[in-house]
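Chemist: TSV, C-alpha atoms, saved as my_file.tsv, coming up:
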```tsv
chain	number	residue	atom	x	y	z
Y	1	MET	CA	155.43	-71.46	-108.97
Y	2	ALA	CA	152.35	-69.42	-109.84
Y	3	ALA	CA	150.43	-72.51	-111.00
Y	4	ARG	CA	151.22	-74.40	-107.80
Y	5	GLY	CA	150.21	-71.51	-105.62
Y	6	GLU	CA	153.70	-71.21	-104.14
Y	7	LEU	CA	153.57	-67.42	-104.34
Y	8	LYS	CA	150.56	-67.45	-102.02
Y	9	ALA	CA	151.99	-69.69	-99.32
Y	10	ASP	CA	149.97	-69.99	-96.13
Y	11	TYR	CA	150.99	-72.90	-93.92
Y	12	ALA	CA	152.91	-73.89	-90.79
Y	13	TYR	CA	155.72	-76.40	-90.47
Y	14	GLN	CA	157.47	-78.24	-87.67
Y	15	VAL	CA	160.80	-80.08	-87.50
Y	16	GLN	CA	161.40	-82.82	-84.91
Y	17	ALA	CA	164.34	-85.11	-84.15
Y	18	ASN	CA	163.77	-88.10	-81.89
Y	19	GLY	CA	160.54	-86.57	-80.62
Y	20	ARG	CA	162.07	-83.18	-79.74
Y	21	VAL	CA	160.79	-80.07	-81.56
Y	22	LEU	CA	163.69	-78.22	-83.15
Y	23	ALA	CA	161.89	-75.61	-85.22
Y	24	GLU	CA	158.35	-74.47	-86.03
Y	25	GLU	CA	157.17	-71.49	-87.99
Y	26	ASP	CA	154.22	-69.99	-89.87
Y	27	ILE	CA	154.98	-69.23	-93.51
Y	28	ASP	CA	153.18	-66.70	-95.70
Y	29	ALA	CA	153.99	-65.06	-99.01
Y	30	LEU	CA	156.23	-62.49	-97.31
Y	31	GLY	CA	158.43	-65.18	-95.77
Y	32	LEU	CA	159.14	-67.16	-98.93
Y	33	ALA	CA	162.56	-65.58	-99.51
Y	34	GLU	CA	163.86	-66.63	-96.10
Y	35	SER	CA	165.20	-70.01	-95.01
Y	36	THR	CA	165.73	-71.60	-91.61
Y	37	ARG	CA	168.81	-73.60	-90.64
Y	38	VAL	CA	168.55	-76.21	-87.90
Y	39	VAL	CA	171.68	-77.87	-86.49
Y	40	VAL	CA	171.63	-80.99	-84.32
Y	41	PRO	CA	174.94	-81.63	-82.50
Y	42	MET	CA	176.35	-85.13	-82.91
Y	43	GLN	CA	176.13	-85.78	-79.17
Y	44	ASP	CA	172.33	-85.32	-79.35
Y	45	LEU	CA	171.92	-88.19	-81.82
Y	46	ARG	CA	171.35	-91.80	-80.84
Y	47	LEU	CA	174.45	-93.95	-81.14
Y	48	GLY	CA	174.12	-97.33	-82.82
Y	49	GLU	CA	170.42	-97.03	-83.61
Y	50	ASP	CA	168.05	-95.19	-85.93
Y	51	ASN	CA	167.34	-91.50	-85.43
Y	52	ASP	CA	163.79	-90.37	-86.23
Y	53	VAL	CA	163.39	-87.10	-88.12
Y	54	LEU	CA	159.94	-85.63	-88.76
Y	55	ILE	CA	159.32	-82.66	-91.07
Y	56	ALA	CA	155.61	-81.88	-91.19
Y	57	ARG	CA	153.48	-79.19	-92.83
Y	58	SER	CA	149.98	-78.24	-91.80
Y	59	PRO	CA	147.34	-78.12	-92.96
Y	60	GLN	CA	148.09	-80.61	-95.72
Y	61	ASP	CA	145.92	-78.84	-98.29
Y	62	ALA	CA	147.39	-75.37	-97.62
Y	63	ALA	CA	148.82	-73.33	-100.47
Y	64	GLY	CA	152.54	-73.45	-101.08
Y	65	ARG	CA	155.22	-76.11	-100.79
Y	66	LEU	CA	157.82	-76.83	-98.15
Y	67	TYR	CA	161.34	-77.51	-99.44
Y	68	TYR	CA	164.14	-78.90	-97.31
Y	69	THR	CA	167.54	-80.58	-97.48
Y	70	MET	CA	169.30	-82.74	-94.89
Y	71	HIS	CA	173.05	-83.13	-94.44
Y	72	LEU	CA	175.09	-85.27	-92.06
Y	73	ARG	CA	178.61	-84.04	-91.30
Y	74	TYR	CA	180.91	-86.15	-89.15
Y	75	PHE	CA	184.64	-86.53	-88.49
Y	76	PRO	CA	185.92	-90.10	-88.03
Y	77	PRO	CA	189.62	-90.70	-87.24
Y	78	ALA	CA	191.71	-90.18	-90.38
Y	79	THR	CA	193.09	-93.71	-90.30
Y	80	GLU	CA	189.55	-95.16	-90.50
Y	81	VAL	CA	188.49	-93.24	-93.63
Y	82	GLU	CA	188.45	-95.40	-96.75
Y	83	ALA	CA	188.71	-94.29	-100.37
Y	84	ALA	CA	185.45	-93.63	-102.23
Y	85	ASN	CA	184.52	-93.22	-105.88
Y	86	ASN	CA	181.24	-91.57	-106.86
Y	87	GLY	CA	181.92	-90.66	-110.47
Y	88	LEU	CA	185.47	-89.43	-109.78
Y	89	ALA	CA	188.52	-91.32	-108.48
Y	90	VAL	CA	191.40	-89.68	-106.61
Y	91	ALA	CA	194.71	-91.23	-105.54
Y	92	ARG	CA	197.60	-89.70	-103.59
Y	93	GLU	CA	201.20	-90.90	-103.25
Y	94	TYR	CA	204.02	-89.66	-101.04
Y	95	LEU	CA	207.30	-90.36	-102.84
Y	96	PRO	CA	211.00	-89.56	-102.38
Y	97	ALA	CA	211.88	-86.14	-103.77
Y	98	ASP	CA	214.88	-87.57	-105.65
Y	99	GLY	CA	212.67	-89.50	-108.06
Y	100	GLY	CA	212.15	-92.88	-106.40
Y	101	GLU	CA	208.85	-94.71	-106.92
Y	102	GLN	CA	208.64	-96.47	-103.53
Y	103	ALA	CA	205.95	-94.86	-101.36
Y	104	ILE	CA	207.19	-93.35	-98.09
Y	105	HIS	CA	205.41	-92.52	-94.85
Y	106	SER	CA	208.11	-90.55	-93.03
Y	107	ILE	CA	210.94	-88.07	-93.66
Y	108	ALA	CA	213.31	-86.01	-91.53
Y	109	VAL	CA	212.88	-82.34	-90.66
Y	110	GLY	CA	214.10	-80.18	-93.54
Y	111	ASP	CA	213.68	-82.87	-96.20
Y	112	LEU	CA	211.40	-82.72	-99.22
Y	113	VAL	CA	208.69	-85.19	-100.17
Y	114	LYS	CA	207.06	-85.45	-103.59
Y	115	VAL	CA	203.28	-85.65	-103.67
Y	116	ARG	CA	201.65	-87.11	-106.76
Y	117	LEU	CA	197.91	-86.74	-107.20
Y	118	THR	CA	196.12	-88.89	-109.75
Y	119	VAL	CA	192.59	-88.06	-110.84
Y	120	VAL	CA	190.59	-90.49	-112.99
Y	121	ALA	CA	187.58	-89.03	-114.79
Y	122	PRO	CA	185.31	-91.75	-116.26
Y	123	THR	CA	183.51	-89.07	-118.31
Y	124	ASP	CA	184.12	-85.45	-119.27
Y	125	LEU	CA	183.74	-83.24	-116.18
Y	126	HIS	CA	183.41	-79.49	-115.73
Y	127	TYR	CA	184.55	-77.12	-112.98
Y	128	VAL	CA	186.43	-79.73	-111.00
Y	129	VAL	CA	188.09	-78.99	-107.65
Y	130	VAL	CA	190.74	-81.25	-106.10
Y	131	GLU	CA	191.77	-80.51	-102.51
Y	132	ASP	CA	194.73	-82.27	-100.94
Y	133	PHE	CA	194.80	-81.67	-97.19
Y	134	LEU	CA	198.33	-81.48	-95.77
Y	135	PRO	CA	199.67	-83.26	-92.71
Y	136	ALA	CA	200.59	-80.83	-89.94
Y	137	GLY	CA	204.34	-80.36	-89.78
Y	138	LEU	CA	204.74	-80.11	-93.57
Y	139	GLU	CA	204.38	-77.06	-95.78
Y	140	PRO	CA	203.86	-76.83	-99.56
Y	141	VAL	CA	206.75	-75.54	-101.66
Y	142	ASP	CA	205.52	-72.72	-103.90
Y	143	ALA	CA	207.81	-72.60	-106.92
Y	144	SER	CA	206.37	-69.23	-107.96
Y	145	LEU	CA	208.04	-67.51	-105.00
Y	146	ARG	CA	211.49	-65.99	-105.49
Y	147	THR	CA	212.57	-67.42	-102.15
Y	148	THR	CA	212.23	-70.97	-103.51
Y	149	SER	CA	215.63	-72.46	-104.34
Y	150	GLN	CA	216.61	-72.98	-107.97
Y	151	GLU	CA	217.23	-76.67	-107.27
Y	152	VAL	CA	213.62	-77.21	-106.19
Y	153	ARG	CA	212.36	-75.23	-109.19
Y	154	GLU	CA	214.34	-77.45	-111.53
Y	155	ARG	CA	213.10	-80.62	-109.83
Y	156	LEU	CA	209.50	-79.49	-110.15
Y	157	GLU	CA	209.95	-78.50	-113.79
Y	158	LEU	CA	211.46	-81.91	-114.51
Y	159	GLU	CA	208.51	-83.66	-112.86
Y	160	GLN	CA	206.07	-81.60	-114.88
Y	161	ARG	CA	207.86	-82.46	-118.12
Y	162	LEU	CA	207.82	-86.15	-117.26
Y	163	LEU	CA	204.08	-85.96	-116.65
Y	164	ALA	CA	203.56	-84.11	-119.93
Y	165	ASP	CA	205.54	-86.79	-121.80
Y	166	ALA	CA	203.59	-89.58	-120.11
Y	167	ASN	CA	200.31	-87.95	-121.07
Y	168	TYR	CA	201.30	-86.86	-124.56
Y	169	GLU	CA	198.07	-88.08	-126.15
Y	170	THR	CA	196.03	-86.03	-123.68
Y	171	TYR	CA	197.94	-82.76	-123.93
Y	172	ARG	CA	199.54	-82.93	-127.40
Y	173	TRP	CA	197.03	-80.52	-128.98
Y	174	TRP	CA	198.53	-77.57	-127.08
Y	175	GLY	CA	202.10	-78.04	-128.31
Y	176	TYR	CA	203.53	-76.75	-125.04
Y	177	LEU	CA	203.73	-77.78	-121.39
Y	178	THR	CA	200.31	-77.37	-119.85
Y	179	SER	CA	197.70	-79.02	-117.67
Y	180	TYR	CA	193.93	-79.01	-117.41
Y	181	PHE	CA	194.41	-77.76	-113.84
Y	182	GLY	CA	194.56	-74.13	-114.86
Y	183	HIS	CA	194.88	-72.74	-111.34
Y	184	VAL	CA	196.68	-74.06	-108.26
Y	185	ASP	CA	196.13	-72.50	-104.85
Y	186	MET	CA	198.68	-73.37	-102.16
Y	187	ARG	CA	197.29	-72.72	-98.71
Y	188	ASP	CA	198.50	-73.40	-95.17
Y	189	ASN	CA	196.42	-76.55	-94.77
Y	190	ARG	CA	195.81	-77.76	-98.34
Y	191	VAL	CA	196.77	-77.58	-101.99
Y	192	ALA	CA	193.75	-76.91	-104.20
Y	193	LEU	CA	193.61	-77.60	-107.95
Y	194	PHE	CA	190.97	-76.13	-110.25
Y	195	ALA	CA	190.02	-77.30	-113.73
Y	196	THR	CA	187.34	-75.61	-115.83
Y	197	TYR	CA	187.21	-78.70	-118.03
Y	198	LEU	CA	188.56	-82.16	-117.27
Y	199	PRO	CA	188.17	-84.63	-120.15
Y	200	GLN	CA	187.70	-88.35	-119.69
Y	201	GLY	CA	190.96	-90.02	-118.73
Y	202	VAL	CA	193.78	-90.04	-116.18
Y	203	HIS	CA	195.26	-86.74	-115.00
Y	204	GLN	CA	198.19	-86.23	-112.63
Y	205	TYR	CA	199.72	-83.34	-110.73
Y	206	VAL	CA	202.97	-83.23	-108.75
Y	207	TYR	CA	204.13	-80.83	-106.06
Y	208	PHE	CA	206.61	-80.84	-103.16
Y	209	LEU	CA	206.21	-80.60	-99.40
Y	210	GLN	CA	208.94	-79.68	-96.93
Y	211	ALA	CA	209.03	-81.06	-93.40
Y	212	THR	CA	209.22	-78.30	-90.79
Y	213	THR	CA	208.14	-79.80	-87.44
Y	214	SER	CA	208.76	-83.29	-86.08
Y	215	GLY	CA	205.89	-85.50	-84.96
Y	216	GLU	CA	203.37	-88.10	-86.09
Y	217	TYR	CA	200.44	-86.53	-87.91
Y	218	ASN	CA	197.07	-87.63	-89.22
Y	219	VAL	CA	196.57	-87.26	-92.97
Y	220	LEU	CA	193.07	-86.31	-94.09
Y	221	PRO	CA	191.89	-87.78	-97.41
Y	222	ALA	CA	192.41	-85.81	-100.61
Y	223	ARG	CA	189.10	-85.20	-102.33
Y	224	GLY	CA	187.83	-84.13	-105.74
Y	225	TYR	CA	184.38	-83.01	-106.86
Y	226	GLU	CA	182.47	-81.07	-109.49
Y	227	MET	CA	181.81	-77.61	-108.11
Y	228	TYR	CA	178.24	-77.37	-109.42
Y	229	PHE	CA	177.42	-81.07	-109.14
Y	230	PRO	CA	178.95	-82.01	-105.75
Y	231	GLU	CA	177.27	-85.42	-105.87
Y	232	VAL	CA	180.04	-86.32	-108.36
Y	233	TRP	CA	183.01	-86.79	-106.03
Y	234	GLY	CA	185.78	-89.07	-104.87
Y	235	ARG	CA	188.42	-89.26	-102.16
Y	236	THR	CA	191.55	-91.12	-101.13
Y	237	ASP	CA	191.86	-93.02	-97.87
Y	238	GLY	CA	193.28	-91.43	-94.74
Y	239	GLY	CA	196.46	-92.32	-92.90
Y	240	THR	CA	199.40	-91.01	-90.89
Y	241	PHE	CA	202.71	-89.39	-91.76
Y	242	THR	CA	205.78	-89.04	-89.51
Y	243	VAL	CA	208.37	-86.25	-89.51
Y	244	ARG	CA	211.55	-87.42	-87.77
Y	245	PRO	CA	213.69	-84.97	-85.74
```
Using C-alpha coordinates, write down the structure that the file contains.
Modeler:
Amino acid sequence: MAARGELKADYAYQVQANGRVLAEEDIDALGLAESTRVVVPMQDLRLGEDNDVLIARSPQDAAGRLYYTMHLRYFPPATEVEAANNGLAVAREYLPADGGEQAIHSIAVGDLVKVRLTVVAPTDLHYVVVEDFLPAGLEPVDASLRTTSQEVRERLELEQRLLADANYETYRWWGYLTSYFGHVDMRDNRVALFATYLPQGVHQYVYFLQATTSGEYNVLPARGYEMYFPEVWGRTDGGTFTVRP
(Lines of atoms letter the chains of each structure in order from A and count residues from 1; the text may use other names and numbers.)
(Lines give C-alpha, C1' and ligand atoms only; values in the text may rest on other atoms or scores of the structure.)
Protein backbone atom coordinates (compact mmCIF):
# COMPACT_ATOMS: atom_id res chain seq x y z
CA MET A 1 0.00 0.00 0.00
CA ALA A 2 2.86 2.37 0.78
CA ALA A 3 4.60 1.61 -2.55
CA ARG A 4 1.44 2.27 -4.53
CA GLY A 5 0.76 5.51 -2.74
CA GLU A 6 -2.55 4.25 -1.37
CA LEU A 7 -1.87 5.80 2.02
CA LYS A 8 -1.72 9.22 0.36
CA ALA A 9 -4.95 9.00 -1.59
CA ASP A 10 -6.14 12.18 -3.26
CA TYR A 11 -8.83 11.65 -5.89
CA ALA A 12 -12.55 11.90 -6.61
CA TYR A 13 -14.89 9.17 -7.81
CA GLN A 14 -18.35 8.98 -9.29
CA VAL A 15 -20.83 6.10 -9.66
CA GLN A 16 -23.51 6.15 -12.37
CA ALA A 17 -26.23 3.70 -13.41
CA ASN A 18 -27.96 4.22 -16.74
CA GLY A 19 -26.69 7.79 -16.89
CA ARG A 20 -27.92 8.75 -13.40
CA VAL A 21 -25.35 9.79 -10.78
CA LEU A 22 -25.75 7.66 -7.66
CA ALA A 23 -22.71 8.68 -5.64
CA GLU A 24 -19.71 10.99 -5.87
CA GLU A 25 -17.10 11.82 -3.28
CA ASP A 26 -13.62 13.25 -2.76
CA ILE A 27 -11.23 10.81 -1.08
CA ASP A 28 -8.11 11.71 0.89
CA ALA A 29 -5.91 9.82 3.30
CA LEU A 30 -8.31 10.47 6.18
CA GLY A 31 -11.21 8.84 4.34
CA LEU A 32 -9.50 5.58 3.44
CA ALA A 33 -11.04 3.62 6.33
CA GLU A 34 -14.59 4.43 5.26
CA SER A 35 -16.67 2.79 2.54
CA THR A 36 -19.80 3.87 0.69
CA ARG A 37 -22.74 1.58 -0.07
CA VAL A 38 -24.98 2.35 -3.03
CA VAL A 39 -28.24 0.45 -3.55
CA VAL A 40 -30.24 0.51 -6.79
CA PRO A 41 -33.81 -0.83 -6.39
CA MET A 42 -34.82 -3.49 -8.90
CA GLN A 43 -37.61 -1.30 -10.27
CA ASP A 44 -35.00 1.30 -11.33
CA LEU A 45 -33.20 -1.17 -13.61
CA ARG A 46 -34.02 -1.71 -17.26
CA LEU A 47 -36.02 -4.85 -17.91
CA GLY A 48 -34.94 -7.10 -20.76
CA GLU A 49 -31.95 -5.02 -21.81
CA ASP A 50 -28.45 -4.11 -20.66
CA ASN A 51 -27.94 -1.77 -17.72
CA ASP A 52 -24.94 0.56 -17.96
CA VAL A 53 -22.84 1.04 -14.83
CA LEU A 54 -19.98 3.55 -14.75
CA ILE A 55 -17.47 3.79 -11.89
CA ALA A 56 -14.92 6.49 -12.64
CA ARG A 57 -12.00 8.02 -10.75
CA SER A 58 -10.44 11.38 -11.48
CA PRO A 59 -7.86 12.46 -12.20
CA GLN A 60 -6.54 9.21 -13.62
CA ASP A 61 -2.98 9.80 -12.41
CA ALA A 62 -4.01 10.70 -8.84
CA ALA A 63 -2.51 8.86 -5.90
CA GLY A 64 -4.42 5.96 -4.42
CA ARG A 65 -6.66 3.24 -5.80
CA LEU A 66 -10.42 2.86 -5.91
CA TYR A 67 -11.76 -0.57 -4.89
CA TYR A 68 -15.32 -1.69 -5.42
CA THR A 69 -17.56 -4.75 -5.56
CA MET A 70 -20.92 -5.23 -7.28
CA HIS A 71 -23.68 -7.59 -6.24
CA LEU A 72 -27.06 -8.38 -7.80
CA ARG A 73 -29.73 -9.72 -5.45
CA TYR A 74 -33.08 -10.80 -6.83
CA PHE A 75 -36.00 -13.03 -5.82
CA PRO A 76 -37.60 -15.10 -8.60
CA PRO A 77 -40.63 -17.31 -7.83
CA ALA A 78 -39.50 -20.42 -5.94
CA THR A 79 -40.86 -22.78 -8.58
CA GLU A 80 -38.64 -21.16 -11.24
CA VAL A 81 -35.34 -21.59 -9.35
CA GLU A 82 -33.19 -24.40 -10.72
CA ALA A 83 -30.47 -26.35 -8.94
CA ALA A 84 -26.90 -25.06 -9.29
CA ASN A 85 -23.47 -26.53 -8.60
CA ASN A 86 -20.44 -24.28 -8.24
CA GLY A 87 -18.01 -26.57 -6.46
CA LEU A 88 -20.65 -27.98 -4.09
CA ALA A 89 -23.81 -29.99 -4.82
CA VAL A 90 -26.86 -30.04 -2.55
CA ALA A 91 -29.97 -32.23 -2.84
CA ARG A 92 -33.11 -32.29 -0.68
CA GLU A 93 -35.80 -34.97 -0.40
CA TYR A 94 -39.13 -34.95 1.42
CA LEU A 95 -39.93 -38.54 2.43
CA PRO A 96 -42.54 -40.37 4.53
CA ALA A 97 -41.62 -40.36 8.21
CA ASP A 98 -42.27 -44.11 8.47
CA GLY A 99 -39.26 -44.96 6.31
CA GLY A 100 -40.60 -45.01 2.75
CA GLU A 101 -38.33 -43.92 -0.10
CA GLN A 102 -40.99 -42.42 -2.40
CA ALA A 103 -40.74 -38.62 -2.43
CA ILE A 104 -43.84 -36.78 -1.20
CA HIS A 105 -45.08 -33.24 -1.76
CA SER A 106 -47.95 -33.07 0.72
CA ILE A 107 -48.96 -34.29 4.19
CA ALA A 108 -51.85 -33.68 6.59
CA VAL A 109 -51.79 -31.30 9.55
CA GLY A 110 -50.11 -32.98 12.52
CA ASP A 111 -48.14 -35.49 10.44
CA LEU A 112 -44.37 -35.79 10.24
CA VAL A 113 -42.22 -35.62 7.12
CA LYS A 114 -38.61 -36.77 6.89
CA VAL A 115 -36.17 -34.39 5.22
CA ARG A 116 -32.96 -35.85 3.84
CA LEU A 117 -30.20 -33.49 2.78
CA THR A 118 -27.37 -34.79 0.61
CA VAL A 119 -24.20 -32.77 0.17
CA VAL A 120 -21.58 -33.81 -2.40
CA ALA A 121 -18.12 -32.30 -1.95
CA PRO A 122 -15.88 -32.86 -5.01
CA THR A 123 -12.85 -31.81 -2.93
CA ASP A 124 -12.08 -31.28 0.75
CA LEU A 125 -13.92 -28.19 2.00
CA HIS A 126 -13.60 -26.10 5.15
CA TYR A 127 -16.13 -24.16 7.21
CA VAL A 128 -19.16 -25.28 5.24
CA VAL A 129 -22.67 -23.99 5.93
CA VAL A 130 -25.81 -25.74 4.66
CA GLU A 131 -29.11 -23.89 5.06
CA ASP A 132 -32.42 -25.62 4.36
CA PHE A 133 -35.24 -23.09 4.22
CA LEU A 134 -38.55 -24.47 5.52
CA PRO A 135 -41.95 -24.22 3.88
CA ALA A 136 -44.35 -22.08 5.90
CA GLY A 137 -46.80 -24.27 7.78
CA LEU A 138 -44.13 -26.77 8.88
CA GLU A 139 -41.85 -26.62 11.90
CA PRO A 140 -38.61 -28.52 12.60
CA VAL A 141 -38.69 -31.18 15.30
CA ASP A 142 -35.86 -30.57 17.77
CA ALA A 143 -35.00 -33.90 19.36
CA SER A 144 -32.88 -32.17 22.01
CA LEU A 145 -35.99 -30.72 23.66
CA ARG A 146 -37.63 -32.66 26.48
CA THR A 147 -41.03 -31.92 25.00
CA THR A 148 -40.21 -34.03 21.93
CA SER A 149 -41.92 -37.43 22.10
CA GLN A 150 -39.84 -40.54 22.70
CA GLU A 151 -41.21 -42.08 19.49
CA VAL A 152 -39.81 -39.25 17.39
CA ARG A 153 -36.48 -39.43 19.23
CA GLU A 154 -36.22 -43.13 18.46
CA ARG A 155 -37.11 -42.59 14.79
CA LEU A 156 -34.44 -39.92 14.45
CA GLU A 157 -31.83 -42.07 16.20
CA LEU A 158 -32.66 -44.95 13.87
CA GLU A 159 -32.25 -42.71 10.81
CA GLN A 160 -28.91 -41.48 12.08
CA ARG A 161 -27.69 -45.03 12.63
CA LEU A 162 -28.76 -46.03 9.13
CA LEU A 163 -26.82 -43.10 7.70
CA ALA A 164 -23.77 -44.00 9.78
CA ASP A 165 -23.92 -47.60 8.51
CA ALA A 166 -24.31 -46.44 4.91
CA ASN A 167 -21.29 -44.17 5.26
CA TYR A 168 -19.13 -46.52 7.29
CA GLU A 169 -16.01 -45.89 5.21
CA THR A 170 -16.35 -42.15 5.77
CA TYR A 171 -16.98 -42.18 9.52
CA ARG A 172 -15.37 -45.46 10.66
CA TRP A 173 -12.29 -43.76 12.12
CA TRP A 174 -14.33 -42.33 15.01
CA GLY A 175 -15.71 -45.66 16.23
CA TYR A 176 -18.97 -44.04 17.34
CA LEU A 177 -22.00 -42.35 15.81
CA THR A 178 -20.95 -38.95 14.53
CA SER A 179 -21.15 -36.57 11.61
CA TYR A 180 -18.95 -33.91 10.07
CA PHE A 181 -21.83 -31.49 10.71
CA GLY A 182 -20.70 -30.69 14.22
CA HIS A 183 -23.42 -28.13 14.93
CA VAL A 184 -27.08 -27.97 13.88
CA ASP A 185 -29.14 -24.84 14.43
CA MET A 186 -32.92 -25.23 14.15
CA ARG A 187 -34.59 -21.91 13.53
CA ASP A 188 -38.13 -20.80 12.73
CA ASN A 189 -37.50 -20.51 9.00
CA ARG A 190 -34.53 -22.82 8.35
CA VAL A 191 -32.34 -25.64 9.57
CA ALA A 192 -28.65 -24.73 9.40
CA LEU A 193 -25.79 -27.25 9.43
CA PHE A 194 -22.18 -26.29 10.14
CA ALA A 195 -19.06 -28.32 9.36
CA THR A 196 -15.56 -27.13 10.21
CA TYR A 197 -14.17 -29.71 7.80
CA LEU A 198 -16.03 -31.60 5.08
CA PRO A 199 -13.88 -34.16 3.25
CA GLN A 200 -14.37 -35.13 -0.36
CA GLY A 201 -17.38 -37.41 -0.75
CA VAL A 202 -21.12 -37.70 -0.13
CA HIS A 203 -22.57 -36.56 3.20
CA GLN A 204 -26.18 -36.82 4.38
CA TYR A 205 -28.25 -35.43 7.22
CA VAL A 206 -31.81 -36.32 8.23
CA TYR A 207 -34.31 -34.41 10.34
CA PHE A 208 -38.09 -34.26 10.77
CA LEU A 209 -40.68 -31.56 10.12
CA GLN A 210 -44.19 -31.45 11.56
CA ALA A 211 -47.10 -29.91 9.69
CA THR A 212 -48.88 -27.25 11.75
CA THR A 213 -50.93 -25.10 9.34
CA SER A 214 -52.78 -26.14 6.20
CA GLY A 215 -52.08 -24.48 2.87
CA GLU A 216 -49.93 -24.61 -0.26
CA TYR A 217 -46.49 -23.13 0.33
CA ASN A 218 -43.48 -22.17 -1.74
CA VAL A 219 -40.26 -24.00 -0.90
CA LEU A 220 -37.06 -21.99 -1.22
CA PRO A 221 -33.96 -23.88 -2.38
CA ALA A 222 -31.61 -25.37 0.19
CA ARG A 223 -28.12 -23.99 -0.25
CA GLY A 224 -24.59 -24.80 0.85
CA TYR A 225 -21.40 -22.73 0.70
CA GLU A 226 -17.95 -22.29 2.18
CA MET A 227 -18.17 -19.53 4.77
CA TYR A 228 -14.87 -17.88 3.82
CA PHE A 229 -15.01 -18.72 0.12
CA PRO A 230 -18.68 -18.04 -0.76
CA GLU A 231 -17.93 -18.43 -4.47
CA VAL A 232 -17.91 -22.19 -3.71
CA TRP A 233 -21.62 -22.91 -3.39
CA GLY A 234 -24.54 -25.00 -4.56
CA ARG A 235 -28.31 -25.15 -4.20
CA THR A 236 -31.31 -27.36 -4.83
CA ASP A 237 -34.22 -26.35 -7.02
CA GLY A 238 -37.32 -24.68 -5.62
CA GLY A 239 -40.85 -26.03 -5.50
CA THR A 240 -44.09 -26.17 -3.54
CA PHE A 241 -45.34 -28.23 -0.61
CA THR A 242 -48.96 -28.71 0.50
CA VAL A 243 -50.28 -29.26 4.03
CA ARG A 244 -53.77 -30.78 3.92
CA PRO A 245 -56.38 -29.90 6.59
Chemist: If we draw a sphere of 9 Å around (215.4, -90.7, -87.0), which residues have at least one atom in it when counting all atoms listed in the file? Please report them as a PDB file with C-alpha atoms, keeping the file's coordinate frame.
Modeler:
```pdb
ATOM      1  CA  ILE Y 107     210.940 -88.070 -93.660  1.00  0.00           C
ATOM      2  CA  ALA Y 108     213.310 -86.010 -91.530  1.00  0.00           C
ATOM      3  CA  VAL Y 243     208.370 -86.250 -89.510  1.00  0.00           C
ATOM      4  CA  ARG Y 244     211.550 -87.420 -87.770  1.00  0.00           C
ATOM      5  CA  PRO Y 245     213.690 -84.970 -85.740  1.00  0.00           C
TER       6      PRO Y 245
END
```
Chemist: Take atom CA of Y:Tyr205 and atom CA of Y:Ser179 and report the distance between them in Å, one decimal.
Modeler: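 Answer for the atom CA of Y:Tyr205 to atom CA of Y:Ser179 separation: 8.4 Å.
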Chemist: For atom CA of Y:Val184 and atom CA of Y:Tyr228, quote the distance in Å rounded to one decimal.
Modeler: 18.8 Å
Chemist: What is the distance between atom CA of Y:Gly234 and atom CA of Y:Leu220, in Å to one decimal?
Modeler: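 One can read the atom CA of Y:Gly234 to atom CA of Y:Leu220 distance as 13.3 Å.
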Chemist: Skip stretch 91-105 of chain Y itself and residues of its chain fewer than 4 positions away, then list as a list of chain:residue names all residues within 8 Å of it, counting all atoms listed in the file.
Modeler: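 In the requested form, the answer reads Y:Leu112, Y:Val113, Y:Lys114, Y:Val115, Y:Arg116, Y:Leu117, Y:Thr118, Y:Val119, Y:Phe208, Y:Ala222, Y:Arg235, Y:Thr236, Y:Thr240, Y:Phe241, Y:Thr242.
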Chemist: Tell me which protein, DNA and RNA residues are within 12 Å of Y:Leu45, counting only C-alpha atoms, leaving out same-chain ones fewer than 2 positions away, and put them as a ChimeraX atom specification.
Modeler: /Y:17-20,39-43,47-53,72,74
Chemist: Identify which of the residues Y:Thr212, Y:Ser58, Y:Thr123, Y:Asn86 lies closest to Y:Tyr197, counting only C-alpha atoms when measuring atom-to-atom distances.
Modeler: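 Among the listed residues, Y:Thr123 lies closest to Y:Tyr197.
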Chemist: Counting only C-alpha atoms, figure out which residue out of Y:Val141, Y:Ala9, Y:Ala136, Y:Val219 gets nearest to Y:Asn189.
Modeler: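 Looking only at the distances to Y:Asn189, the closest residue turns out to be Y:Ala136.
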Chemist: With 3 Å on each side, where is the centre of the axis-aligned box around all listed atoms of stretch 136-146 of chain Y, and how long are its edges in Å to one decimal, as AutoDock Vina command-line options?
Modeler:
```
--center_x 206.0 --center_y -73.4 --center_z -98.9 --size_x 16.9 --size_y 20.8 --size_z 24.2
```
Chemist: Taking (150.3, -65.4, -105.5) in the file's coordinates as the center, which residues reach within 12 Å of it, counting all atoms listed in the file, put as an MDAnalysis selection string?
Modeler: chainID Y and resid 1:10 28:30 32 63:64
Chemist: Determine the nearest neighbour of Y:Asp111 from the options Y:Glu159, Y:Arg37, Y:Leu193, Y:Ser214, counting all atoms listed in the file.
Modeler: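 With all atoms listed in the file as the atom set, the closest residue is Y:Ser214.
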Chemist: Go through Y:Gln160, Y:Thr79, Y:Gln210, Y:Ser35 one by one, measure the shortest atom-to-atom distance of each to Y:Leu66 using all atoms listed in the file, and give the residue with the smallest value.
Modeler: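 Among Y:Gln160, Y:Thr79, Y:Gln210, Y:Ser35, it is Y:Ser35 that comes nearest to Y:Leu66.
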Chemist: Could you check which of Y:Val109, Y:Leu198, Y:Leu88, Y:Ala78 is closest to Y:Tyr217, using only C-alpha atoms?
Modeler: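 Among the listed residues, the smallest separation from Y:Tyr217 belongs to Y:Ala78.
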Chemist: Could you check the closest approach to Y:Gly224 for each of Y:Leu22, Y:Ala211, Y:Val128, Y:Leu158 and tell me which residue wins, using all atoms listed in the file?
Modeler: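 Of Y:Leu22, Y:Ala211, Y:Val128, Y:Leu158, the one nearest Y:Gly224 is Y:Val128, counting all atoms listed in the file.
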Chemist: Extract, using all atoms listed in the file, all DNA, RNA and protein residues at most 9 Å from Y:Thr196, discarding same-chain residues fewer than 2 positions from it, and format them as a VMD selection string.
Modeler: chain Y and resid 125 to 129 180 to 182 194 198
Chemist: Quick one: residues within 8 Å of Y:Val191, all atoms listed in the file counted, chain neighbours fewer than 5 positions away excluded, as a list in words?
Modeler: Glu131, Asp132, Phe133, Leu134, Pro140, Val184, Asp185 and Met186 of chain Y
